[in-house]
file entry_28.cif (mmCIF, C-alpha atoms)
data_final
#
loop_
_atom_site.label_atom_id
_atom_site.label_comp_id
_atom_site.auth_asym_id
_atom_site.auth_seq_id
_atom_site.Cartn_x
_atom_site.Cartn_y
_atom_site.Cartn_z
CA MET Q 1 15.93 -5.73 -27.64
CA ASN Q 2 16.17 -7.15 -31.16
CA ILE Q 3 12.91 -8.97 -30.47
CA LEU Q 4 11.24 -5.69 -29.61
CA LYS Q 5 12.49 -4.13 -32.83
CA GLN Q 6 11.02 -7.01 -34.80
CA LEU Q 7 7.67 -6.52 -33.07
CA VAL Q 8 7.44 -2.87 -34.08
CA PRO Q 9 7.43 -2.19 -37.83
CA GLU Q 10 9.75 0.63 -38.78
CA ASP Q 11 6.97 2.38 -40.66
CA ASN Q 12 5.13 2.74 -37.35
CA LEU Q 13 8.06 4.68 -35.96
CA THR Q 14 8.79 6.79 -39.02
CA MET Q 15 6.94 10.04 -39.52
CA SER Q 16 7.21 11.92 -42.78
CA ARG Q 17 5.53 14.87 -44.32
CA SER Q 18 5.75 16.65 -47.69
CA THR Q 19 5.76 20.39 -47.97
CA THR Q 20 5.46 22.05 -51.39
CA HIS Q 21 6.98 25.51 -51.46
CA SER Q 22 6.61 26.02 -55.20
CA SER Q 23 5.99 24.12 -58.36
CA THR Q 24 9.72 23.76 -58.88
CA ASP Q 25 10.84 23.45 -55.30
CA GLU Q 26 9.29 20.38 -53.69
CA ARG Q 27 11.00 18.88 -50.74
CA GLN Q 28 10.18 15.91 -48.52
CA TYR Q 29 11.29 15.97 -44.95
CA THR Q 30 11.55 12.68 -43.10
CA LYS Q 31 12.01 12.77 -39.35
CA PRO Q 32 14.63 10.37 -38.05
CA ILE Q 33 13.46 7.06 -36.65
CA ILE Q 34 13.36 7.03 -32.85
CA PRO Q 35 15.11 3.90 -31.54
CA VAL Q 36 12.75 1.44 -29.90
CA ASP Q 37 15.03 1.20 -26.88
CA LEU Q 38 14.65 4.94 -26.30
CA LEU Q 39 10.89 4.86 -26.78
CA ILE Q 40 10.48 2.07 -24.28
CA ASP Q 41 12.67 3.90 -21.77
CA ILE Q 42 10.47 6.99 -22.24
CA PHE Q 43 7.26 5.00 -21.78
CA SER Q 44 8.62 3.40 -18.59
CA ARG Q 45 8.94 6.86 -17.05
CA LEU Q 46 5.33 7.83 -17.75
CA PRO Q 47 2.40 7.42 -15.34
CA LEU Q 48 0.30 4.30 -15.75
CA LYS Q 49 -2.67 6.14 -17.29
CA HIS Q 50 -0.49 7.43 -20.15
CA VAL Q 51 0.98 3.98 -20.81
CA ALA Q 52 -2.56 2.62 -21.08
CA ARG Q 53 -3.34 5.19 -23.79
CA PHE Q 54 -0.23 4.34 -25.81
CA ARG Q 55 -1.27 0.69 -25.87
CA CYS Q 56 -3.99 1.71 -28.32
CA LEU Q 57 -1.48 2.87 -30.94
CA SER Q 58 -1.16 -0.56 -32.55
CA LYS Q 59 -1.18 -4.26 -31.81
CA SER Q 60 2.61 -4.20 -31.64
CA TRP Q 61 2.65 -1.51 -28.99
CA ALA Q 62 -0.18 -3.23 -27.11
CA SER Q 63 2.02 -6.33 -26.97
CA ILE Q 64 5.14 -4.46 -25.87
CA LEU Q 65 3.50 -2.20 -23.28
CA GLY Q 66 1.09 -4.81 -22.01
CA SER Q 67 2.79 -8.19 -21.85
CA SER Q 68 6.50 -7.77 -22.59
CA PRO Q 69 8.46 -9.01 -19.52
CA TYR Q 70 11.24 -6.57 -20.33
CA PHE Q 71 8.96 -3.54 -20.28
CA THR Q 72 6.90 -4.58 -17.24
CA GLU Q 73 10.09 -5.13 -15.23
CA LEU Q 74 11.52 -1.81 -16.41
CA PHE Q 75 8.27 -0.02 -15.58
CA LEU Q 76 8.26 -1.57 -12.09
CA THR Q 77 11.83 -0.42 -11.50
CA LYS Q 78 11.03 3.15 -12.52
CA SER Q 79 7.71 3.07 -10.65
CA SER Q 80 9.49 2.06 -7.44
CA ASN Q 81 11.34 5.37 -7.57
CA ARG Q 82 8.09 7.35 -7.74
CA PRO Q 83 5.93 5.89 -4.93
CA ARG Q 84 2.28 6.89 -4.62
CA LEU Q 85 -0.41 7.03 -1.98
CA LEU Q 86 -3.08 4.37 -2.55
CA PHE Q 87 -6.63 5.01 -1.33
CA THR Q 88 -9.26 2.28 -0.89
CA VAL Q 89 -12.92 3.04 -0.16
CA ASN Q 90 -15.90 0.75 0.34
CA SER Q 91 -18.96 2.66 -0.88
CA TYR Q 92 -22.38 1.46 -1.99
CA SER Q 93 -21.35 -2.20 -2.47
CA LYS Q 94 -18.24 -1.24 -4.42
CA ILE Q 95 -14.52 -1.16 -3.72
CA LEU Q 96 -12.98 2.02 -5.08
CA PHE Q 97 -9.26 2.42 -5.71
CA PHE Q 98 -7.43 5.63 -6.55
CA SER Q 99 -3.94 7.00 -6.01
CA THR Q 100 -1.99 10.24 -5.97
CA PRO Q 101 1.70 11.12 -6.20
CA GLN Q 102 3.48 10.82 -2.89
CA ILE Q 103 5.66 13.76 -1.94
CA THR Q 104 9.27 12.61 -1.72
CA GLN Q 105 11.50 15.61 -2.42
CA ASN Q 106 11.23 19.38 -2.12
CA PRO Q 107 7.71 19.42 -0.67
CA HIS Q 108 5.62 22.56 -0.94
CA ALA Q 109 3.84 23.87 2.13
CA ASN Q 110 0.50 23.88 0.30
CA SER Q 111 -0.16 22.00 -2.91
CA SER Q 112 -2.85 20.02 -4.69
CA VAL Q 113 -2.86 16.81 -6.72
CA VAL Q 114 -5.51 15.12 -8.83
CA ALA Q 115 -6.47 11.55 -8.00
CA THR Q 116 -5.93 8.78 -10.54
CA TRP Q 117 -8.85 6.34 -10.43
CA TYR Q 118 -8.50 2.62 -11.06
CA LYS Q 119 -11.03 -0.04 -11.94
CA THR Q 120 -13.99 -0.29 -9.57
CA HIS Q 121 -14.96 -3.74 -8.29
CA PRO Q 122 -18.37 -4.81 -6.97
CA TRP Q 123 -18.36 -6.06 -3.38
CA LYS Q 124 -21.46 -7.50 -1.78
CA HIS Q 125 -20.15 -7.54 1.78
CA HIS Q 126 -18.57 -5.04 4.13
CA GLU Q 127 -14.98 -4.82 2.96
CA ARG Q 128 -12.14 -5.10 5.43
CA THR Q 129 -8.88 -4.04 3.78
CA SER Q 130 -6.17 -6.10 5.41
CA SER Q 131 -2.93 -4.75 4.04
CA LEU Q 132 -0.81 -3.73 1.09
CA LEU Q 133 1.21 -6.71 -0.06
CA HIS Q 134 4.82 -5.76 -0.93
CA GLY Q 135 3.67 -2.31 -1.98
CA ARG Q 136 1.82 -3.60 -5.05
CA LEU Q 137 -1.19 -5.78 -4.23
CA VAL Q 138 -4.15 -5.21 -1.91
CA CYS Q 139 -5.57 -7.98 0.26
CA CYS Q 140 -9.27 -7.62 1.11
CA THR Q 141 -11.53 -9.80 3.21
CA ASP Q 142 -15.18 -9.49 4.09
CA GLY Q 143 -16.03 -7.96 7.42
CA LYS Q 144 -19.11 -9.98 8.33
CA GLY Q 145 -18.62 -12.31 11.22
CA ASP Q 146 -21.08 -15.18 10.65
CA TYR Q 147 -19.18 -17.04 7.92
CA TYR Q 148 -15.68 -17.91 6.88
CA ALA Q 149 -13.76 -15.15 5.15
CA GLU Q 150 -12.96 -15.39 1.46
CA PRO Q 151 -9.81 -13.32 0.87
CA VAL Q 152 -9.31 -11.47 -2.38
CA ILE Q 153 -6.03 -10.22 -3.85
CA CYS Q 154 -6.31 -7.22 -6.16
CA ASN Q 155 -3.83 -5.42 -8.37
CA PRO Q 156 -5.30 -1.91 -8.72
CA SER Q 157 -2.93 -1.08 -11.59
CA THR Q 158 -4.17 -3.87 -13.86
CA GLY Q 159 -7.66 -4.31 -12.39
CA GLU Q 160 -7.05 -8.01 -11.75
CA LEU Q 161 -8.95 -9.69 -8.93
CA LEU Q 162 -7.93 -13.10 -7.57
CA THR Q 163 -10.28 -14.92 -5.18
CA LEU Q 164 -8.51 -17.30 -2.81
CA PRO Q 165 -9.88 -20.32 -0.91
CA LYS Q 166 -11.99 -19.55 2.14
CA SER Q 167 -10.15 -19.43 5.41
CA LEU Q 168 -10.67 -22.15 7.98
CA LEU Q 169 -11.41 -19.69 10.79
CA ASN Q 170 -14.60 -17.81 11.46
CA ASN Q 171 -14.17 -14.01 11.33
CA PRO Q 172 -10.36 -14.12 11.08
CA VAL Q 173 -7.77 -11.42 10.56
CA MET Q 174 -5.60 -11.63 7.45
CA TYR Q 175 -2.01 -10.44 7.32
CA CYS Q 176 0.22 -10.31 4.25
CA GLY Q 177 3.93 -10.99 4.22
CA TYR Q 178 6.68 -11.07 1.63
CA GLU Q 179 9.90 -13.11 1.77
CA PRO Q 180 12.53 -11.25 -0.33
CA THR Q 181 15.05 -14.09 -0.64
CA GLU Q 182 12.69 -16.59 -2.25
CA LYS Q 183 10.33 -13.84 -3.46
CA LYS Q 184 7.27 -15.52 -1.96
CA PHE Q 185 3.98 -13.93 -0.93
CA LYS Q 186 2.17 -15.45 2.05
CA LEU Q 187 -1.10 -14.83 3.90
CA LEU Q 188 -1.34 -15.39 7.64
CA CYS Q 189 -4.76 -16.05 9.16
CA ILE Q 190 -5.19 -15.30 12.88
CA PRO Q 191 -8.35 -15.55 15.03
CA SER Q 192 -9.89 -12.37 16.37
CA TYR Q 193 -11.40 -11.86 19.80
CA PHE Q 194 -10.58 -15.35 21.13
CA ASN Q 195 -7.32 -16.91 22.29
CA SER Q 196 -5.77 -19.60 20.10
CA ASN Q 197 -2.47 -21.38 19.59
CA ARG Q 198 -3.17 -22.17 15.96
CA ALA Q 199 -2.77 -20.10 12.83
CA TRP Q 200 -3.18 -20.77 9.13
CA VAL Q 201 -0.80 -19.92 6.29
CA LEU Q 202 -1.42 -19.75 2.56
CA THR Q 203 1.42 -19.37 0.06
CA LEU Q 204 0.50 -17.53 -3.12
CA GLU Q 205 1.93 -19.72 -5.86
CA THR Q 206 1.00 -21.35 -9.13
CA GLY Q 207 -1.59 -24.08 -8.99
CA LYS Q 208 -4.27 -24.27 -6.34
CA PRO Q 209 -3.18 -22.56 -3.11
CA LEU Q 210 -4.16 -24.32 0.12
CA TRP Q 211 -4.31 -23.25 3.74
CA ARG Q 212 -1.84 -24.97 6.09
CA LYS Q 213 -2.19 -25.12 9.87
CA ILE Q 214 0.80 -24.09 11.99
CA GLU Q 215 1.37 -23.92 15.74
CA CYS Q 216 2.00 -20.71 17.66
CA GLU Q 217 1.79 -19.33 21.19
CA TYR Q 218 -1.65 -18.29 22.40
CA HIS Q 219 -2.69 -14.83 21.20
CA TYR Q 220 -5.51 -13.03 19.41
CA VAL Q 221 -6.27 -9.78 17.61
CA MET Q 222 -8.58 -7.40 19.45
CA TYR Q 223 -9.20 -4.75 16.78
CA PRO Q 224 -9.48 -6.55 13.41
CA TYR Q 225 -10.73 -3.47 11.54
CA CYS Q 226 -7.44 -1.56 11.95
CA THR Q 227 -5.10 -4.26 10.68
CA HIS Q 228 -3.59 -2.22 7.87
CA ARG Q 229 -2.14 0.19 10.46
CA HIS Q 230 -1.39 -2.46 13.09
CA MET Q 231 0.93 -4.51 10.90
CA ILE Q 232 4.04 -4.07 8.79
CA CYS Q 233 6.48 -6.37 6.97
CA ILE Q 234 10.18 -5.47 7.19
CA ASN Q 235 12.92 -7.58 5.59
CA GLY Q 236 10.88 -10.78 5.57
CA VAL Q 237 9.47 -10.41 9.09
CA LEU Q 238 5.79 -9.64 9.62
CA TYR Q 239 5.00 -7.58 12.73
CA TYR Q 240 1.49 -7.06 14.09
CA LEU Q 241 -0.21 -5.95 17.29
CA ALA Q 242 -2.00 -8.65 19.28
CA CYS Q 243 -3.15 -9.55 22.78
CA ILE Q 244 -2.19 -12.36 25.10
CA ASP Q 245 -4.37 -13.48 27.98
CA ILE Q 246 -2.69 -13.16 31.38
CA SER Q 247 -5.46 -14.80 33.39
CA ARG Q 248 -7.70 -12.67 35.58
CA SER Q 249 -5.49 -9.60 35.50
CA GLY Q 250 -6.63 -8.92 31.93
CA ASP Q 251 -4.88 -9.07 28.62
CA GLU Q 252 -1.54 -7.66 27.57
CA VAL Q 253 -0.67 -6.02 24.26
CA VAL Q 254 2.37 -7.41 22.45
CA ILE Q 255 3.94 -7.20 19.02
CA VAL Q 256 4.00 -10.56 17.27
CA CYS Q 257 6.94 -11.30 14.98
CA PHE Q 258 6.26 -13.84 12.24
CA ASP Q 259 9.22 -14.93 10.14
CA VAL Q 260 7.69 -15.35 6.68
CA LYS Q 261 10.33 -17.85 5.54
CA SER Q 262 10.59 -20.15 8.58
CA GLU Q 263 6.98 -19.52 9.71
CA LYS Q 264 8.10 -19.17 13.33
CA PHE Q 265 6.55 -16.81 15.90
CA ARG Q 266 7.96 -14.77 18.77
CA PHE Q 267 6.65 -11.90 20.91
CA ILE Q 268 7.99 -8.44 21.73
CA ASP Q 269 6.74 -6.93 24.98
CA ILE Q 270 5.23 -3.46 25.11
CA ASP Q 271 5.29 -1.70 28.46
CA PHE Q 272 4.52 1.91 27.54
CA GLU Q 273 2.10 3.43 30.01
CA SER Q 274 0.98 6.02 27.45
CA MET Q 275 0.46 3.54 24.61
CA HIS Q 276 -3.13 3.25 23.35
CA ARG Q 277 -3.93 -0.05 21.72
CA ARG Q 278 -6.24 1.14 19.01
CA GLY Q 279 -4.49 4.34 17.96
CA SER Q 280 -1.02 2.95 17.32
CA THR Q 281 0.48 2.60 13.84
CA LEU Q 282 3.48 0.36 13.15
CA ILE Q 283 6.14 1.95 10.94
CA ASN Q 284 9.38 1.16 9.15
CA TYR Q 285 11.99 3.72 10.21
CA LYS Q 286 15.10 3.09 8.12
CA GLY Q 287 14.68 -0.67 8.43
CA ARG Q 288 13.81 -0.54 12.13
CA LEU Q 289 10.46 -1.35 13.69
CA GLY Q 290 8.69 1.64 15.19
CA MET Q 291 5.30 2.68 16.49
CA VAL Q 292 3.60 6.08 16.29
CA GLN Q 293 0.47 7.45 17.94
CA PHE Q 294 -1.23 10.59 19.15
CA THR Q 295 -1.30 10.85 22.94
CA ASP Q 296 -3.74 13.73 23.32
CA ASN Q 297 -7.34 14.38 22.27
CA ASN Q 298 -6.34 17.46 20.26
CA GLU Q 299 -4.07 15.31 18.05
CA ARG Q 300 -1.08 17.61 18.43
CA THR Q 301 1.43 15.45 20.31
CA LEU Q 302 3.02 12.55 18.44
CA TYR Q 303 4.92 9.81 20.24
CA MET Q 304 7.29 7.60 18.26
CA TRP Q 305 8.87 4.51 19.79
CA LEU Q 306 11.75 2.74 18.00
CA LEU Q 307 12.92 -0.79 18.72
CA GLU Q 308 16.67 -0.79 19.31
CA ASP Q 309 17.27 -4.54 19.42
CA ALA Q 310 14.54 -6.88 18.23
CA ASP Q 311 16.74 -10.00 18.53
CA GLY Q 312 17.93 -9.46 22.08
CA ILE Q 313 16.57 -7.39 24.91
CA ASN Q 314 13.50 -5.41 23.92
CA LYS Q 315 14.85 -1.91 24.35
CA TRP Q 316 12.77 0.98 23.06
CA SER Q 317 13.69 4.62 22.52
CA ILE Q 318 11.06 7.35 22.50
CA ASN Q 319 10.74 10.61 20.58
CA ILE Q 320 8.06 13.27 21.13
CA TYR Q 321 6.91 15.75 18.48
CA GLU Q 322 4.60 18.75 18.78
CA LEU Q 323 2.47 19.75 15.77
CA PRO Q 324 1.40 23.37 15.15
CA VAL Q 325 -1.75 24.53 16.92
CA SER Q 326 -3.78 25.04 13.73
CA TRP Q 327 -2.37 22.24 11.59
CA LYS Q 328 -5.77 20.60 10.90
CA HIS Q 329 -8.61 21.86 8.76
CA PRO Q 330 -11.28 23.21 11.16
CA CYS Q 331 -14.04 21.08 9.60
CA THR Q 332 -12.10 17.81 9.90
CA GLU Q 333 -12.28 15.47 12.88
CA ASN Q 334 -10.47 12.27 13.86
CA PHE Q 335 -7.22 11.92 11.98
CA GLN Q 336 -5.39 8.67 11.33
CA ILE Q 337 -1.65 8.04 11.21
CA VAL Q 338 -1.23 6.37 7.84
CA GLY Q 339 2.43 5.40 8.24
CA MET Q 340 5.93 6.58 7.48
CA THR Q 341 7.46 7.10 4.03
CA ARG Q 342 10.99 6.25 2.95
CA THR Q 343 11.92 9.91 3.47
CA CYS Q 344 10.93 9.75 7.16
CA ASP Q 345 7.65 11.64 6.72
CA ILE Q 346 4.72 10.63 8.92
CA ILE Q 347 1.54 10.82 6.83
CA LEU Q 348 -1.63 12.07 8.51
CA SER Q 349 -5.11 12.12 7.00
CA PRO Q 350 -8.80 12.21 8.02
CA CYS Q 351 -10.35 8.85 8.87
CA LYS Q 352 -13.43 9.71 6.80
CA PHE Q 353 -13.85 11.61 3.57
CA SER Q 354 -14.18 15.36 3.95
CA ASP Q 355 -14.48 18.17 1.43
CA PRO Q 356 -11.80 19.40 0.95
CA PHE Q 357 -9.70 16.30 1.65
CA TYR Q 358 -6.13 16.91 2.81
CA VAL Q 359 -3.08 14.74 3.45
CA PHE Q 360 -0.34 16.04 5.73
CA TYR Q 361 3.37 15.18 5.87
CA TYR Q 362 5.33 15.60 9.11
CA ASN Q 363 9.09 15.02 8.84
CA VAL Q 364 10.52 13.57 12.07
CA GLU Q 365 14.11 14.52 11.24
CA ARG Q 366 13.30 18.17 10.53
CA LYS Q 367 10.59 18.15 13.22
CA THR Q 368 8.24 20.17 11.10
CA LEU Q 369 5.06 19.88 9.09
CA VAL Q 370 6.54 19.98 5.60
CA ALA Q 371 3.45 19.76 3.40
CA ARG Q 372 -0.33 19.90 3.22
CA THR Q 373 -1.70 18.38 0.03
CA GLU Q 374 -5.29 18.70 -1.14
CA ILE Q 375 -6.61 15.67 -3.04
CA GLN Q 376 -8.80 16.75 -5.94
CA GLY Q 377 -11.01 14.73 -8.29
CA LEU Q 378 -13.03 12.98 -5.57
CA GLN Q 379 -16.51 14.04 -6.69
CA GLU Q 380 -17.73 10.43 -6.51
CA LEU Q 381 -17.27 10.43 -2.73
CA LYS Q 382 -19.11 13.67 -1.98
CA CYS Q 383 -22.53 12.01 -1.73
CA ASP Q 384 -21.29 9.83 1.11
CA ARG Q 385 -18.72 10.16 3.89
CA PRO Q 386 -17.02 6.78 3.65
CA ILE Q 387 -14.04 5.59 5.64
CA VAL Q 388 -10.86 6.07 3.60
CA ASN Q 389 -7.99 3.59 3.98
CA ILE Q 390 -4.63 4.92 2.81
CA PHE Q 391 -1.36 3.11 2.10
CA GLN Q 392 1.97 4.84 1.59
CA ASP Q 393 4.74 3.78 -0.83
CA TYR Q 394 2.36 2.18 -3.31
CA VAL Q 395 4.07 1.07 -6.55
CA GLU Q 396 2.15 0.69 -9.80
CA ASP Q 397 2.87 -2.70 -11.35
CA LEU Q 398 1.83 -3.87 -14.83
CA LYS Q 399 2.69 -7.50 -14.19
CA LEU Q 400 -0.14 -9.99 -14.27
CA MET Q 401 -0.59 -11.87 -11.02
CA GLU Q 402 0.13 -15.20 -12.65
CA SER Q 403 3.68 -13.98 -13.24
CA LEU Q 404 4.11 -12.89 -9.60
CA PHE Q 405 3.31 -16.21 -7.92
#
call {"tool": "encode", "arguments": {"input": "entry_28.cif", "output": "structure tokens"}}
result
Amino acid sequence: MNILKQLVPEDNLTMSRSTTHSSTDERQYTKPIIPVDLLIDIFSRLPLKHVARFRCLSKSWASILGSSPYFTELFLTKSSNRPRLLFTVNSYSKILFFSTPQITQNPHANSSVVATWYKTHPWKHHERTSSLLHGRLVCCTDGKGDYYAEPVICNPSTGELLTLPKSLLNNPVMYCGYEPTEKKFKLLCIPSYFNSNRAWVLTLETGKPLWRKIECEYHYVMYPYCTHRHMICINGVLYYLACIDISRSGDEVVIVCFDVKSEKFRFIDIDFESMHRRGSTLINYKGRLGMVQFTDNNERTLYMWLLEDADGINKWSINIYELPVSWKHPCTENFQIVGMTRTCDIILSPCKFSDPFYVFYYNVERKTLVARTEIQGLQELKCDRPIVNIFQDYVEDLKLMESLF
């Protein structure tokens, strides 16, 4: 911290004022200097938008709050304890990012929050948001099927955009995985709509990243536009829904397990008669793989399956939850299951923008709808009704991407 103290002149941290009470009684009051360590700890607890304002105080503070490894790591640590909901919208050839606080403790039955908007990026194609990478980065690919996808990694917090080499598959599906031991980010490229025993992997690292071909069992992805709900990475293993061809009897839905470190594949069978392929959302329930979906047209009955033993026999347990009759806003149709938070809340939201726009939290342990939150500050979306992709447990990160790979 001595380096930080040298960066910040003491006169920048000292505030003084003179007050004259009389011609004979003149006193000067000098406020005590606030230690730099304490100031930095205070800044690390503030929301990102406030930190950005404080960068304008001086060049010294711009250096400390913008590029100091100590502060960016401290900010990430504190930010991890205050997760947010991240929203991505493709509207009028632009990708829009905004976030809101995520309810974690003592939720109120009805509340409202104001959205924090991030930098807007132009996008000439139909955006397909693949997934949230380790809670911090967003992976986007184009959704047009007549050329090879060019994936883009974006850090909404800093506004950085990193374009990666084009994939070697036409109209592929991109999945993102993180290996916690070696702290490596990897992209997995899988064909959609046709059976294949080949996949492609790209490791995000310094230098020029390249796609590598790997072998796998035959499978394909049937619904490439729902990948952010049909995949999840838990403890270095990437899980995603896929199909395998079982000859003339049709295809079978399975969960593919991809070990990010060893780059090996295996399948988990799904034999639920009530399971709908397109409406299922993979979740992380206390470190265990789970799957949640509505099983009725009224979107009142939630089924949650939990995998008891992923390494041995595929044994699943099932839990059924009933939502209140009037839990939805009457003007809202077609809800999506966003995912599950660390506090075991299932997040529900409209698939498309509506006014007002609500997010609901259903706690599976308390078996009750604990909160309904209205998202305010979305005037930019009122002229259109775009599809809204939502990610839970988003963490704001000030680190530049070159320091992550």
call {"tool": "residues_around", "arguments": {"input": "entry_28.cif", "residues": "Glu217 in chain Q", "least_positions_apart": "4", "cutoff": "9 Å", "atoms": "all atoms listed in the file", "output": "PyMOL selection string"}}
result
chain Q and resi 196-198+244+265-267
call {"tool": "residues_around", "arguments": {"input": "entry_28.cif", "residues": "range 78-84 of chain Q", "least_positions_apart": "6", "cutoff": "6 Å", "atoms": "all atoms listed in the file", "output": "list of chain:residue names"}}
result
Q:Thr100, Q:Pro101, Q:Gln102, Q:Asp393, Q:Tyr394, Q:Val395
call {"tool": "write_last_selection", "arguments": {"input": "entry_28.cif", "atoms": "C-alpha atoms", "output": "tab-separated table (two decimals), keeping the file's coordinate frame"}}
result
chain	number	residue	atom	x	y	z
Q	100	THR	CA	-1.99	10.24	-5.97
Q	101	PRO	CA	1.70	11.12	-6.20
Q	102	GLN	CA	3.48	10.82	-2.89
Q	393	ASP	CA	4.74	3.78	-0.83
Q	394	TYR	CA	2.36	2.18	-3.31
Q	395	VAL	CA	4.07	1.07	-6.55
call {"tool": "resolve_selection", "arguments": {"input": "entry_28.cif", "expression": "the PyMOL selection byres ((chain Q and resi 165) around 8)", "output": "PDB file with C-alpha atoms, in the coordinates of the input"}}
result
ATOM      1  CA  GLU Q 150     -12.960 -15.390   1.460  1.00  0.00           C
ATOM      2  CA  PRO Q 151      -9.810 -13.320   0.870  1.00  0.00           C
ATOM      3  CA  THR Q 163     -10.280 -14.920  -5.180  1.00  0.00           C
ATOM      4  CA  LEU Q 164      -8.510 -17.300  -2.810  1.00  0.00           C
ATOM      5  CA  LYS Q 166     -11.990 -19.550   2.140  1.00  0.00           C
ATOM      6  CA  SER Q 167     -10.150 -19.430   5.410  1.00  0.00           C
ATOM      7  CA  PRO Q 209      -3.180 -22.560  -3.110  1.00  0.00           C
ATOM      8  CA  LEU Q 210      -4.160 -24.320   0.120  1.00  0.00           C
ATOM      9  CA  TRP Q 211      -4.310 -23.250   3.740  1.00  0.00           C
TER      10      TRP Q 211
END
call {"tool": "residues_around", "arguments": {"input": "entry_28.cif", "residues": "Phe335 in chain Q", "least_positions_apart": "6", "cutoff": "7 Å", "atoms": "only C-alpha atoms", "output": "ChimeraX atom specification"}}
result
/Q:348-351
call {"tool": "atom_distance", "arguments": {"input": "entry_28.cif", "atom1": "CA of Ile255 in chain Q", "atom2": "CA of Ile270 in chain Q"}}
result
7.3 Å
call {"tool": "residues_near_point", "arguments": {"input": "entry_28.cif", "point": "(6.6, 28.6, 15.3)", "cutoff": "12 Å", "atoms": "only C-alpha atoms", "output": "PDB file with C-alpha atoms, in the frame of the given file"}}
result
ATOM      1  CA  GLU Q 322       4.600  18.750  18.780  1.00  0.00           C
ATOM      2  CA  LEU Q 323       2.470  19.750  15.770  1.00  0.00           C
ATOM      3  CA  PRO Q 324       1.400  23.370  15.150  1.00  0.00           C
ATOM      4  CA  VAL Q 325      -1.750  24.530  16.920  1.00  0.00           C
ATOM      5  CA  SER Q 326      -3.780  25.040  13.730  1.00  0.00           C
ATOM      6  CA  TRP Q 327      -2.370  22.240  11.590  1.00  0.00           C
ATOM      7  CA  LYS Q 367      10.590  18.150  13.220  1.00  0.00           C
ATOM      8  CA  THR Q 368       8.240  20.170  11.100  1.00  0.00           C
ATOM      9  CA  LEU Q 369       5.060  19.880   9.090  1.00  0.00           C
TER      10      LEU Q 369
END
call {"tool": "closest_residue", "arguments": {"input": "entry_28.cif", "among": "Q:Ser111, Q:Val173, Q:Leu65, Q:Arg55", "to": "Cys140 in chain Q", "atoms": "all atoms listed in the file"}}
result
Q:Val173
call {"tool": "residues_near_point", "arguments": {"input": "entry_28.cif", "point": "(-0.1, -14.0, -12.8)", "cutoff": "12 Å", "atoms": "only C-alpha atoms", "output": "PyMOL selection string"}}
result
chain Q and resi 67+69+137+153-155+158+160-162+204-207+397-405
call {"tool": "residues_around", "arguments": {"input": "entry_28.cif", "residues": "Tyr178 in chain Q", "least_positions_apart": "6", "cutoff": "9 Å", "atoms": "only C-alpha atoms", "output": "JSON list (two decimals) with C-alpha atoms, in the frame of the given file"}}
result
[["chain", "number", "residue", "atom", "x", "y", "z"],
["Q", 133, "LEU", "CA", 1.21, -6.71, -0.06],
["Q", 134, "HIS", "CA", 4.82, -5.76, -0.93],
["Q", 184, "LYS", "CA", 7.27, -15.52, -1.96],
["Q", 185, "PHE", "CA", 3.98, -13.93, -0.93],
["Q", 186, "LYS", "CA", 2.17, -15.45, 2.05],
["Q", 187, "LEU", "CA", -1.10, -14.83, 3.90],
["Q", 233, "CYS", "CA", 6.48, -6.37, 6.97],
["Q", 234, "ILE", "CA", 10.18, -5.47, 7.19],
["Q", 235, "ASN", "CA", 12.92, -7.58, 5.59],
["Q", 236, "GLY", "CA", 10.88, -10.78, 5.57],
["Q", 237, "VAL", "CA", 9.47, -10.41, 9.09],
["Q", 238, "LEU", "CA", 5.79, -9.64, 9.62],
["Q", 260, "VAL", "CA", 7.69, -15.35, 6.68],
["Q", 261, "LYS", "CA", 10.33, -17.85, 5.54]]
call {"tool": "resolve_selection", "arguments": {"input": "entry_28.cif", "expression": "the PyMOL selection byres ((chain Q and resi 361) around 6)", "output": "VMD selection string"}}
result
chain Q and resid 345 to 347 360 362 369 to 371
call {"tool": "atom_distance", "arguments": {"input": "entry_28.cif", "atom1": "CA of Ile64 in chain Q", "atom2": "CA of Ala115 in chain Q"}}
result
26.7 Å
call {"tool": "atom_distance", "arguments": {"input": "entry_28.cif", "atom1": "CA of Ser91 in chain Q", "atom2": "CA of Pro172 in chain Q"}}
result
22.3 Å
call {"tool": "residues_around", "arguments": {"input": "entry_28.cif", "residues": "Lys315 in chain Q", "least_positions_apart": "4", "cutoff": "10 Å", "atoms": "only C-alpha atoms", "output": "MDAnalysis selection string"}}
result
chainID Q and resid 268:270 305:310
call {"tool": "closest_residue", "arguments": {"input": "entry_28.cif", "among": "Q:Ser44, Q:Asn171, Q:Ser68, Q:Ser93", "to": "Glu396 in chain Q", "atoms": "all atoms listed in the file"}}
result
Q:Ser44
call {"tool": "closest_residue", "arguments": {"input": "entry_28.cif", "among": "Q:Glu263, Q:Glu380, Q:Asp245, Q:Asp41", "to": "Thr72 in chain Q", "atoms": "only C-alpha atoms"}}
result
Q:Asp41
call {"tool": "resolve_selection", "arguments": {"input": "entry_28.cif", "expression": "the PyMOL selection byres ((chain Q and resi 121) around 7)", "output": "list of chain:residue names"}}
result
Q:Lys94, Q:Ile95, Q:Leu96, Q:Lys119, Q:Thr120, Q:Pro122, Q:Trp123
call {"tool": "write_last_selection", "arguments": {"input": "entry_28.cif", "atoms": "C-alpha atoms", "output": "CSV table (one decimal), in the coordinates of the input"}}
result
chain,number,residue,atom,x,y,z
Q,94,LYS,CA,-18.2,-1.2,-4.4
Q,95,ILE,CA,-14.5,-1.2,-3.7
Q,96,LEU,CA,-13.0,2.0,-5.1
Q,119,LYS,CA,-11.0,0.0,-11.9
Q,120,THR,CA,-14.0,-0.3,-9.6
Q,122,PRO,CA,-18.4,-4.8,-7.0
Q,123,TRP,CA,-18.4,-6.1,-3.4
